[in-house]
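Shown next: input_4.txt, given as compact mmCIF, C-alpha atoms.
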```
# COMPACT_ATOMS: atom_id res chain seq x y z
CA MET A 1 2.74 121.12 67.77
CA LEU A 2 1.01 117.93 66.91
CA ASN A 3 0.98 116.93 63.24
CA LEU A 4 -2.37 115.31 62.35
CA ASN A 5 -1.07 113.87 59.04
CA GLN A 6 1.10 111.23 60.73
CA GLY A 7 0.55 107.59 59.73
CA PHE A 8 1.48 105.01 57.12
CA THR A 9 0.96 105.39 53.45
CA LEU A 10 -0.84 102.72 51.44
CA LEU A 11 2.44 101.76 49.77
CA GLU A 12 4.15 101.18 53.12
CA LEU A 13 1.26 98.97 54.30
CA ILE A 14 1.36 96.90 51.09
CA ILE A 15 5.13 96.37 51.40
CA VAL A 16 4.76 95.19 55.00
CA MET A 17 1.94 92.79 54.00
CA VAL A 18 4.08 91.34 51.18
CA ILE A 19 6.98 90.78 53.58
CA ILE A 20 4.69 89.05 56.11
CA GLY A 21 3.26 86.87 53.32
CA MET A 22 6.73 85.83 52.16
CA MET A 23 7.74 84.91 55.70
CA ALA A 24 4.57 82.84 56.14
CA MET A 25 5.32 80.94 52.91
CA LEU A 26 8.70 79.94 54.37
CA VAL A 27 7.41 78.90 57.79
CA ILE A 28 4.06 77.14 57.13
CA PRO A 29 5.29 74.21 54.93
CA ASN A 30 7.79 73.15 57.60
CA ILE A 31 5.27 72.78 60.44
CA GLY A 32 4.22 69.13 59.91
CA THR A 33 7.43 67.69 58.49
CA ASN A 34 8.85 66.74 61.89
CA GLN A 35 6.06 64.19 62.43
CA SER A 36 6.62 62.48 59.10
CA ALA A 37 10.39 62.44 59.71
CA ILE A 38 9.83 60.70 63.06
CA LEU A 39 7.65 58.07 61.39
CA LYS A 40 10.18 57.51 58.58
CA ALA A 41 13.01 57.09 61.09
CA GLN A 42 11.00 54.59 63.16
CA THR A 43 9.97 52.66 60.02
CA ARG A 44 13.55 52.54 58.75
CA GLU A 45 14.73 51.30 62.15
CA ALA A 46 12.05 48.58 62.34
CA MET A 47 12.90 47.42 58.81
CA ALA A 48 16.61 47.26 59.66
CA VAL A 49 15.92 45.13 62.74
CA LEU A 50 13.66 42.79 60.74
CA ARG A 51 16.30 42.45 58.00
CA TYR A 52 18.91 41.69 60.63
CA ALA A 53 16.71 38.93 62.04
CA ARG A 54 16.15 37.49 58.55
CA ARG A 55 19.88 37.43 57.78
CA THR A 56 20.71 35.96 61.18
CA ALA A 57 18.20 33.13 60.66
CA THR A 58 19.65 32.16 57.29
CA ILE A 59 23.30 32.50 58.33
CA GLU A 60 22.99 30.65 61.64
CA GLY A 61 20.53 28.09 60.24
CA LYS A 62 18.16 28.66 63.17
CA GLN A 63 14.70 30.14 63.47
CA LYS A 64 14.80 33.77 64.66
CA THR A 65 11.84 35.62 66.16
CA MET A 66 11.65 39.41 66.41
CA ILE A 67 9.26 41.06 68.83
CA LEU A 68 8.08 44.51 67.84
CA ARG A 69 6.41 46.40 70.64
CA GLU A 70 4.94 49.79 71.32
CA GLY A 71 6.57 52.13 73.72
CA GLY A 72 6.32 55.75 74.75
CA ASP A 73 8.99 58.41 74.71
CA SER A 74 10.57 56.84 77.81
CA ALA A 75 10.37 53.29 76.43
CA PRO A 76 13.11 50.80 77.22
CA LYS A 77 15.81 50.53 74.58
CA THR A 78 15.69 48.16 71.65
CA ASN A 79 17.70 44.99 72.23
CA VAL A 80 18.47 43.32 68.91
CA ASP A 81 20.40 40.47 70.55
CA LEU A 82 17.26 39.48 72.47
CA GLY A 83 15.12 40.02 69.37
CA ILE A 84 13.19 43.04 70.65
CA TRP A 85 12.45 46.33 68.88
CA THR A 86 10.60 49.05 70.81
CA SER A 87 8.92 51.97 69.08
CA ARG A 88 9.11 55.44 70.52
CA GLY A 89 5.65 56.96 70.27
CA VAL A 90 4.60 55.05 67.13
CA LYS A 91 1.49 52.83 67.25
CA LEU A 92 1.64 49.31 65.76
CA GLN A 93 -0.97 47.21 63.99
CA MET A 94 -0.26 43.69 62.73
CA ASN A 95 -2.20 41.95 60.00
CA LYS A 96 -1.36 38.27 59.45
CA SER A 97 -3.79 37.55 56.60
CA ASP A 98 -4.01 38.83 53.03
CA ASP A 99 -7.12 40.94 53.76
CA ASP A 100 -5.78 44.44 54.21
CA ASP A 101 -7.78 45.98 57.02
CA LYS A 102 -10.30 43.33 58.10
CA SER A 103 -8.04 41.46 60.52
CA ALA A 104 -5.78 44.34 61.56
CA LYS A 105 -5.60 44.69 65.30
CA ALA A 106 -3.97 47.31 67.46
CA ASN A 107 -1.26 45.50 69.38
CA VAL A 108 1.09 46.42 72.15
CA SER A 109 3.51 43.90 70.66
CA THR A 110 3.73 41.54 67.71
CA GLU A 111 6.08 38.77 66.65
CA VAL A 112 7.62 37.96 63.28
CA THR A 113 9.49 34.69 62.83
CA PHE A 114 12.12 34.09 60.16
CA TYR A 115 13.09 30.57 59.15
CA PRO A 116 16.52 29.28 58.02
CA GLU A 117 15.19 28.45 54.54
CA GLY A 118 14.37 32.14 53.97
CA GLY A 119 10.64 32.13 54.69
CA SER A 120 8.84 33.90 57.49
CA SER A 121 5.59 34.06 59.41
CA GLY A 122 4.97 37.12 57.23
CA GLY A 123 2.29 39.74 57.54
CA LYS A 124 1.75 43.45 57.27
CA ILE A 125 2.70 45.90 59.98
CA THR A 126 1.16 49.36 60.03
CA LEU A 127 2.98 52.06 61.96
CA THR A 128 1.01 55.19 62.85
CA PHE A 129 2.29 58.48 64.22
CA HIS A 130 -0.34 61.21 64.53
CA GLU A 131 -2.03 61.36 61.11
CA TYR A 132 0.85 59.70 59.22
CA THR A 133 1.00 55.97 58.47
CA ALA A 134 3.57 53.62 56.98
CA LYS A 135 3.18 49.96 56.07
CA ILE A 136 5.82 47.26 56.26
CA GLU A 137 5.11 44.05 54.33
CA ILE A 138 6.92 40.80 55.11
CA ASN A 139 6.63 38.15 52.40
CA HIS A 140 5.67 34.68 53.71
CA LEU A 141 7.70 32.73 51.15
CA THR A 142 10.86 34.80 50.76
CA GLY A 143 10.93 36.76 54.03
CA LYS A 144 11.69 39.96 52.11
CA ILE A 145 10.73 43.19 53.83
CA LYS A 146 9.26 46.17 51.95
CA SER A 147 7.67 49.44 52.96
CA ASP A 148 5.33 51.74 51.08
CA ILE A 149 7.29 54.86 52.07
CA PHE A 150 10.63 53.39 51.00
CA ALA A 151 9.43 51.82 47.74
CA ASN A 152 12.74 50.98 46.06
CA GLU A 153 15.01 50.43 49.02
CA ASP A 154 14.56 46.66 49.54
CA LYS A 155 18.03 45.15 49.30
```
So that I can check it, write out the structure of this file as structure tokens.
Amino acid sequence: MLNLNQGFTLLELIIVMVIIGMMAMLVIPNIGTNQSAILKAQTREAMAVLRYARRTATIEGKQKTMILREGGDSAPKTNVDLGIWTSRGVKLQMNKSDDDDKSAKANVSTEVTFYPEGGSSGGKITLTFHEYTAKIEINHLTGKIKSDIFANEDK
């Protein structure tokens, strides 16, 4: 015989909804973190290459120019010895003046020159990956490199 009283009780439905809610709380915050991690890794790499160029210029006593260029996922590799850093999916903007956004231009590549005395051509580089952005500032007088997402890491 068929029992017509089959089904779920209200308590069973509430327990299932609570379990689904708890699982969603664990999964949803981790959805966008991969994009920000990619941007942080690319920013850290660009800063390391710029710092290397700065140190090389002061140690060797010669002007050193780094070229930062955009590239896709299949971009050619970075070649620090030739002074080239290639992003992987991150867009670049270079701003040479002190006005923050007025003279910023989207570039396929940009150059930063470091001088033996410690100075540089300076400027601000904005890296963009999806909706995330990071800024790298290069001081004209000292050549020091800072980023807004790594506030206290300038060494």
At a cut-off of 9 Å from (14.5, 29.3, 57.8) in the coordinates of the file, what residues are picked up using only C-alpha atoms, written as a CSV table (one decimal) with C-alpha atoms, in the frame of the given file?
```csv
chain,number,residue,atom,x,y,z
A,54,ARG,CA,16.2,37.5,58.6
A,57,ALA,CA,18.2,33.1,60.7
A,58,THR,CA,19.6,32.2,57.3
A,61,GLY,CA,20.5,28.1,60.2
A,62,LYS,CA,18.2,28.7,63.2
A,63,GLN,CA,14.7,30.1,63.5
A,64,LYS,CA,14.8,33.8,64.7
A,113,THR,CA,9.5,34.7,62.8
A,114,PHE,CA,12.1,34.1,60.2
A,115,TYR,CA,13.1,30.6,59.2
A,116,PRO,CA,16.5,29.3,58.0
A,117,GLU,CA,15.2,28.4,54.5
A,118,GLY,CA,14.4,32.1,54.0
A,119,GLY,CA,10.6,32.1,54.7
A,120,SER,CA,8.8,33.9,57.5
```
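Coordinates place atom CA of A:Glu70 at a distance of 26.6 Å from atom CA of A:Leu141.
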Just how far from atom CA of A:Thr142 is atom CA of A:Ser109, in Å to one decimal?
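So the answer is 23.1 Å.
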Go ahead and compute the interatomic distance for atom CA of A:Lys40 and atom CA of A:Val27, in Å to one decimal.
21.6 Å
Please tell me which residues are no farther than 7 Å from (2.5, 49.4, 58.5) in the file, counting only C-alpha atoms, and write them as a list in words.
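Collected hits near the coordinates: Gln93, Lys124, Ile125, Thr126, Leu127, Thr133, Ala134, Lys135 and Ile136 of chain A.
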Closest to A:Ile67 among A:Asn79, A:Tyr52, A:Asn95, A:Val112, using all atoms listed in the file?
A:Val112
Considering only C-alpha atoms, state which residue in the set A:Gly122, A:Met66, A:Thr43, A:Ala53 is at the smallest distance from A:Lys91.
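Of A:Gly122, A:Met66, A:Thr43, A:Ala53, the one nearest A:Lys91, counting only C-alpha atoms, is A:Thr43.
Near A:Phe129, within a cut-off of 8 Å and counting only C-alpha atoms, sit the residues Gln35, Ser36, Ile38, Leu39, Gly89, Val90, Lys91 and Thr133 of chain A, with same-chain residues fewer than 4 positions away left out.
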Between A:Ile15, A:Trp85, A:His140, A:Thr65, single out the one closest to A:Met47, counting all atoms listed in the file.
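Using all atoms listed in the file, the shortest distance to A:Met47 belongs to A:Trp85.
Restricting the calculation to all atoms listed in the file, the smallest distance between A:Thr110 and any of A:Leu68, A:Asn34, A:Glu45, A:Ile149 is found for A:Leu68.
Each of A:Asp148, A:Ile138, A:Ser121, A:Phe8 was checked against A:Arg51 using all atoms listed in the file; the smallest atom-to-atom distance is that of A:Ile138.
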